[in-house]
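Contents: one structure, followed by commentary.
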Amino acid sequence: MSKSILSLSDISKSYGGKRAVSNLNLEVPPNSITGFLGPNGAGKSTSIRIGLGILQPDAGEVLLFGERPNYKSLDRVGFLPEERGLYRKMKVLQVIMHFARLKGMKAATAKKHALFLLEKFGLSDACNKKVREMSKGMAQKIQIIAAIVHQPEFVILDEPFSGLDPVNQQNLEDMIRELAQQGTTVLFSTHVMEHAERLCDRIILLSRGRKIFDGDVKQALTTIPNKVILGTDAGINPAKILGKLISSIQPLESDRASVSRWSVDLSKNTDVQDVLRTCVEQGLALRSFEPTRRHLHEVFVNLVGADVMSEGASQ
Amino acid sequence: MRHVYLIARREYLSYVATIGFWVSLAMIPVFLLLGMMLPAFLDRASPTRNFVVIDTSARFEQVIRDVIDERRQEQIERLIDKLILVDGETGPLIEAKAALDDFPGEEKIAELLGSRYAAALDGLRRDFRMVKAPEQTASALRPWLLGEKQLDTPRGPESLHAAVFIDIKPDNEVEIQYWSANINEGKLLNMVRDAVRNKMRMDGFTNAGIERSLVKQISQLTPEVISMSPEKAEDDAKVTAKDRLPYIMAVMFGFLLWSVVFSVANMLLTSVIEEKSNKILDSLLCAAPLRAILMGKLFGVAAVSFTLIIGWALAGWVSAMLAGSVIEVSEGHKFTSLIASAGDLKLLIPFFAYFVFGYLMFGSIFLALGSLCETLQEAQTLMTPLIFLLMVPVIALMFAMQDPESPVLAVLSWIPLFTPYIMMARLPTDPPMIEIIGTALVMLATTALILLAAGKVFQAGVMHQAGSDYFKKMLGKYMPGRKASKTNPKTGA
């Protein structure tokens with residue numbers, strides 16, 4: 001029996017001959033924040049819908065809390081769908097309570113929790129207003145509240161940051177951290193790598209319905225080479241000195257005639273310190289040494305780009 | 001059950017907790033009442049129409065005048081009857097009614113009625129008034145008929161509605177020329193033609209040597225028609241209004257059933273389209289099973305329709321009680337007792353049973369179609385064939401008003417989509433038990449099949465984002481020779 005909150009094993013799903021998800025294996029461990037990343041059409045939403053039992057896979061097995069998704073296990077899940085919407089004619093408090101009660105919460109408790117969360121999100125004044133009177137950002141916050149009001153053990157947020165202004169994005173990040181601190185397992189999909197980098201214990205990267213990476217952020221960053229910007233005396237190329245430590249070197253424009261600047265991609269598993277040490281040992285006249293930080297964004301572009309290229313090559 | 005209850009509750013409150021619902025609840029009986037009263041209102045709103053008669057023979061002018069007076073006499077009699085209903089048989093009203101037999105003229109009647117009823121008599125507008133012709137030929141009267149000139153009357157200038165020219169041809173044929181700018185109004189022409197024809201016949205009899213009084217006496221002969229029913233006891237076999245009421249009520253129940261089913265099925269359609277276009281369904285699907293969503297919606301809107309029916313029934317009952325205390329429909333039968341027979345369980349129980357099946361069939365079809373559409377415009381395209389289908393019971397019910405025992409209705413009863421409405425109208429005719437049970441069983445089986453199919457379509461629409469071309473794709477998939485449409489790779493629909 002799986003100890004994961006959500007486990008997808010060899011899941012495949014096709015739509016009219018086109019594979020949306022292909023042999024996907026995915027585990028969401030308890031008490032984690034997992035980022036579900038991938039370009040548009042990678043199969044993230046389809047996988048989430050399969051994980052919740054909304055869609056039936058063509059092949060494979062889904063286990064939610066160790067059993068096939070059912071309405072007992074789904075009561076323990078909070079879900080913010082990608083395509084968001086609320087009953088526009090209902091009052092804010094009523095709509096949140098409605099979803100809480102559908103998830104098995106008693107009316108009085110649902111009201112108490114809804115009021116607490118509305119206050120927390122700065123929406124206390126809105127509780128008796130109709131949803132249609134809310135701005136897009138406020139409606140999104142209301143939907144997030146509706147997804148977590150019943151205090152689920154597992155929260156799935158499909159593109160939760162889209163449509164939110166930077167302040168509310170930060171608030172949502174804080175909320176996700178707070179949920180995790182309280183023991184809630186979070187899985188969220190996003191295009192914005194900065195959120196994933198700041199929040200996730202683990203990331204799963206999907207491309208063309210296939211998983212192309214599964215690991216923590218640190219591991220993800222190792223998939224792309226380290227990079228440094230070197231400044232040397234004019235005309236001196238450090239490539240020879242650095243040898244196998246680097247994978248590529250490109251000259252950069254310099255604002256001083258006496259200095260040459262170089263963008264250097266290090267070889268796999270080469271540390272920036274090794275490069276500095278070699279430069280010093282070999283007596284290279286360094287004018288500047290600027291290690292650049294790697295970002296998940298580059299990992300994303302690198303891995304997805306490589307996957308798309310391989311598709312092109314195979315065709 | 002929790003999911004079904006909560007979804008039904010939300011659905012119910014989303015309609016019932018709005019002012020619009022209660023306004024429409026009140027407005028429908030008001031509109032029905034207005035619809036019934038509209039002809040009378042329109043009639044009252046029409047002005048008195050002046051006409052002239054140019055009778056070269058001088059034979060017919062008086063009979064036309066007499067017909068106009070008789071018409072006026074009947075109008076006054078109806079007014080006095082209404083006043084008696086309100087005030088009871090007071091002295092002036094009884095005296096005036098008795099005087100009407102010999103019609104002493106309007107002034108005398110006004111005098112008998114006294115000042116209390118003078119305003120009522122003044123407000124009683126004449127349909128037509130025969131006035132003195134300003135000119136004697138059609139060409140000379142044209143400016144008046146076209147409204148270019150006005151008649152000079154004691155009431156001030158008034159327009160001329162029509163001119164009637166009566167001429168006797170050399171072969172003794174009578175010709176009526178009716179001149180009027182209003183070519184659609186035929187009441188006056190018919191009145192004039194009847195009056196002239198009666199006079200011609202009367203003169204014909206007199207010329208043949210038959211006494212005028214005898215002809216008048218003979219022409220007034222009319223049989224007394226008494227409808228009898230073999231189903232009643234021999235000594236009380238006379239058919240009364242109370243006997244006819246179940247037939248009338250059954251057809252009315254049929255119409256009520258149709259209008260309730262049609263209006264609430266539309267509610268289901270708009271509700272599911274709203275949820276689909278507002279993208280609420282994904283959240284719902286994560287919170288409740290698909291079947292619970294379907295059933296919750298059906299039950300919620302069914303509760304709305306029960307509220308409508310109960311509201312209208314209460315309004316009808318209160319109005320009937322108020323009206324029943326004054327209206328005597330037929331000998332020995334107060335209106336109240338007639339209305340009470342509409343509450344007969346023999347009609348009420350089938351009404352609710354047929355409502356349940358009619359609602360489930362059409363409601364689930366509307367719900368399924370709604371799940372395939374993002375907008376009402378899209379839905380309209382899918383709904384058109386269904387609307388045509390829904391019109392059949394309405395036409396059949398109109399037919400049932402004339403002949404509820406028609407074999408056409410018996411055949412249509414076996415079509416399950418029509419069974420609830422047509423069988424409802426046929427029930428008082430005591431159709432054979434085999435038909436009642438047989439049609440009910442076919443309807444039951446069809447309802448189950450429709451619910452199953454609707455569930456499948458709803459699933460495709462809600463979970464797989466299938467669109468309004470769903471049926472086209474299904475045809476392509478299952479019918480040989482038809483090419484299946486391409487599937488949307490994003491949605492799978």
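Identifiers in this document derive from the order of the structure tokens: chains are assigned A, B, ..., residues are numbered from 1 separately in each chain, and ligands are numbered from 1 in order of occurrence.
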Within 7 Å of chain A: each chain B residue with its shortest pair, only C-alpha atoms, as JSON lines:
{"residue": "B:His3", "atom": "CA", "partner": "A:Leu102", "partner_atom": "CA", "distance": 5.9}
{"residue": "B:Leu6", "atom": "CA", "partner": "A:Leu102", "partner_atom": "CA", "distance": 6.7}
{"residue": "B:Asn278", "atom": "CA", "partner": "A:Gly85", "partner_atom": "CA", "distance": 4.9}
{"residue": "B:Lys279", "atom": "CA", "partner": "A:Gly85", "partner_atom": "CA", "distance": 4.7}
{"residue": "B:Ile280", "atom": "CA", "partner": "A:Gly85", "partner_atom": "CA", "distance": 4.8}
{"residue": "B:Asp282", "atom": "CA", "partner": "A:Pro81", "partner_atom": "CA", "distance": 6.3}
{"residue": "B:Ser283", "atom": "CA", "partner": "A:Pro81", "partner_atom": "CA", "distance": 6.5}
{"residue": "B:Leu285", "atom": "CA", "partner": "A:Ile54", "partner_atom": "CA", "distance": 6.5}
{"residue": "B:Cys286", "atom": "CA", "partner": "A:Leu74", "partner_atom": "CA", "distance": 6.7}
{"residue": "B:Ala287", "atom": "CA", "partner": "A:Leu102", "partner_atom": "CA", "distance": 5.9}
{"residue": "B:Ala288", "atom": "CA", "partner": "A:Tyr71", "partner_atom": "CA", "distance": 6.8}
{"residue": "B:Met463", "atom": "CA", "partner": "A:Ile54", "partner_atom": "CA", "distance": 6.7}
{"residue": "B:Thr487", "atom": "CA", "partner": "A:Gly16", "partner_atom": "CA", "distance": 5.2}
{"residue": "B:Pro489", "atom": "CA", "partner": "A:Tyr15", "partner_atom": "CA", "distance": 5.1}
{"residue": "B:Gly492", "atom": "CA", "partner": "A:Tyr15", "partner_atom": "CA", "distance": 4.3}
So which residues touch Thr222 in chain A within 9 Å, counting only C-alpha atoms, skipping near sequence neighbours fewer than 2 positions away, as a VMD selection string?
-> chain A and resid 217 to 220 224 to 226 268 to 269 294 299
Name the residues of range 86-155 of chain B that come out as strand (DSSP E or B) in a backbone DSSP run; write them as a ChimeraX atom specification.
-> /B:128-130,151-153
If you run DSSP on this backbone, which residues of range 123-203 of chain A come out as alpha helix (DSSP H), and could you give them as a PyMOL selection string?
-> chain A and resi 136-148+166-181+193-199
Near range 358-372 of chain B, counting only C-alpha atoms, which residues have an atom at most 6 Å away, once you skip same-chain residues fewer than 2 positions from it, shown as a JSON list (two decimals) with N, CA and C atoms, in the first residue's frame?
[["chain", "number", "residue", "atom", "x", "y", "z"],
["B", 261, "VAL", "N", -43.63, 21.94, -16.61],
["B", 261, "VAL", "CA", -42.48, 21.13, -17.05],
["B", 261, "VAL", "C", -41.60, 21.95, -17.98],
["B", 265, "ALA", "N", -37.90, 22.99, -16.89],
["B", 265, "ALA", "CA", -36.83, 22.34, -17.67],
["B", 265, "ALA", "C", -35.90, 23.42, -18.22],
["B", 268, "LEU", "N", -33.41, 24.31, -15.64],
["B", 268, "LEU", "CA", -32.29, 23.36, -15.59],
["B", 268, "LEU", "C", -31.27, 23.66, -16.67],
["B", 269, "LEU", "N", -31.79, 23.96, -17.84],
["B", 269, "LEU", "CA", -30.91, 24.25, -18.98],
["B", 269, "LEU", "C", -30.02, 25.45, -18.68],
["B", 272, "VAL", "N", -27.36, 24.74, -15.83],
["B", 272, "VAL", "CA", -26.16, 23.95, -16.18],
["B", 272, "VAL", "C", -25.27, 24.74, -17.16],
["B", 273, "ILE", "N", -25.88, 25.55, -18.02],
["B", 273, "ILE", "CA", -25.08, 26.37, -18.93],
["B", 273, "ILE", "C", -24.29, 27.39, -18.10],
["B", 354, "TYR", "N", -47.87, 12.11, -13.17],
["B", 354, "TYR", "CA", -47.48, 12.48, -14.54],
["B", 354, "TYR", "C", -46.47, 13.63, -14.51],
["B", 355, "PHE", "N", -46.63, 14.48, -13.53],
["B", 355, "PHE", "CA", -45.66, 15.59, -13.43],
["B", 355, "PHE", "C", -44.25, 15.02, -13.21],
["B", 356, "VAL", "N", -44.16, 14.05, -12.28],
["B", 356, "VAL", "CA", -42.85, 13.48, -11.95],
["B", 356, "VAL", "C", -42.19, 12.89, -13.20],
["B", 420, "PRO", "N", -47.72, 11.98, -20.38],
["B", 420, "PRO", "CA", -48.20, 12.68, -19.19],
["B", 420, "PRO", "C", -49.30, 13.69, -19.49],
["B", 447, "THR", "N", -38.53, 6.73, -19.31],
["B", 447, "THR", "CA", -37.93, 7.66, -18.35],
["B", 447, "THR", "C", -36.59, 7.11, -17.87],
["B", 454, "ALA", "N", -29.14, 10.47, -20.53],
["B", 454, "ALA", "CA", -28.83, 11.85, -20.12],
["B", 454, "ALA", "C", -27.58, 11.86, -19.24],
["B", 457, "VAL", "N", -24.58, 11.62, -21.51],
["B", 457, "VAL", "CA", -24.32, 12.88, -22.22],
["B", 457, "VAL", "C", -23.80, 13.93, -21.24],
["B", 458, "PHE", "N", -24.42, 13.97, -20.05],
["B", 458, "PHE", "CA", -24.01, 14.93, -19.01],
["B", 458, "PHE", "C", -22.54, 14.69, -18.65],
["B", 461, "GLY", "N", -20.42, 15.96, -21.42],
["B", 461, "GLY", "CA", -20.40, 17.43, -21.45],
["B", 461, "GLY", "C", -19.62, 18.02, -20.30],
["B", 462, "VAL", "N", -19.80, 17.44, -19.12],
["B", 462, "VAL", "CA", -19.21, 18.02, -17.92],
["B", 462, "VAL", "C", -17.76, 17.59, -17.73],
["B", 466, "ALA", "N", -17.37, 17.91, -23.79],
["B", 466, "ALA", "CA", -17.98, 17.71, -25.11],
["B", 466, "ALA", "C", -18.83, 18.92, -25.45],
["B", 467, "GLY", "N", -18.90, 19.24, -26.72],
["B", 467, "GLY", "CA", -19.63, 20.44, -27.15],
["B", 467, "GLY", "C", -20.92, 20.12, -27.85],
["B", 468, "SER", "N", -21.49, 21.16, -28.48],
["B", 468, "SER", "CA", -22.81, 20.99, -29.10],
["B", 468, "SER", "C", -22.77, 20.08, -30.33]]
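One distance worth recording is that between CA of Leu205 in chain A and CA of Leu64 in chain A, which is 20.4 Å.
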Excluding Ile5 in chain A and any residue of its chain fewer than 5 positions from it, enumerate the residues within 7 Å of it, using only C-alpha atoms, and give them as a PyMOL selection string.
-> chain A and resi 28-30+64-66
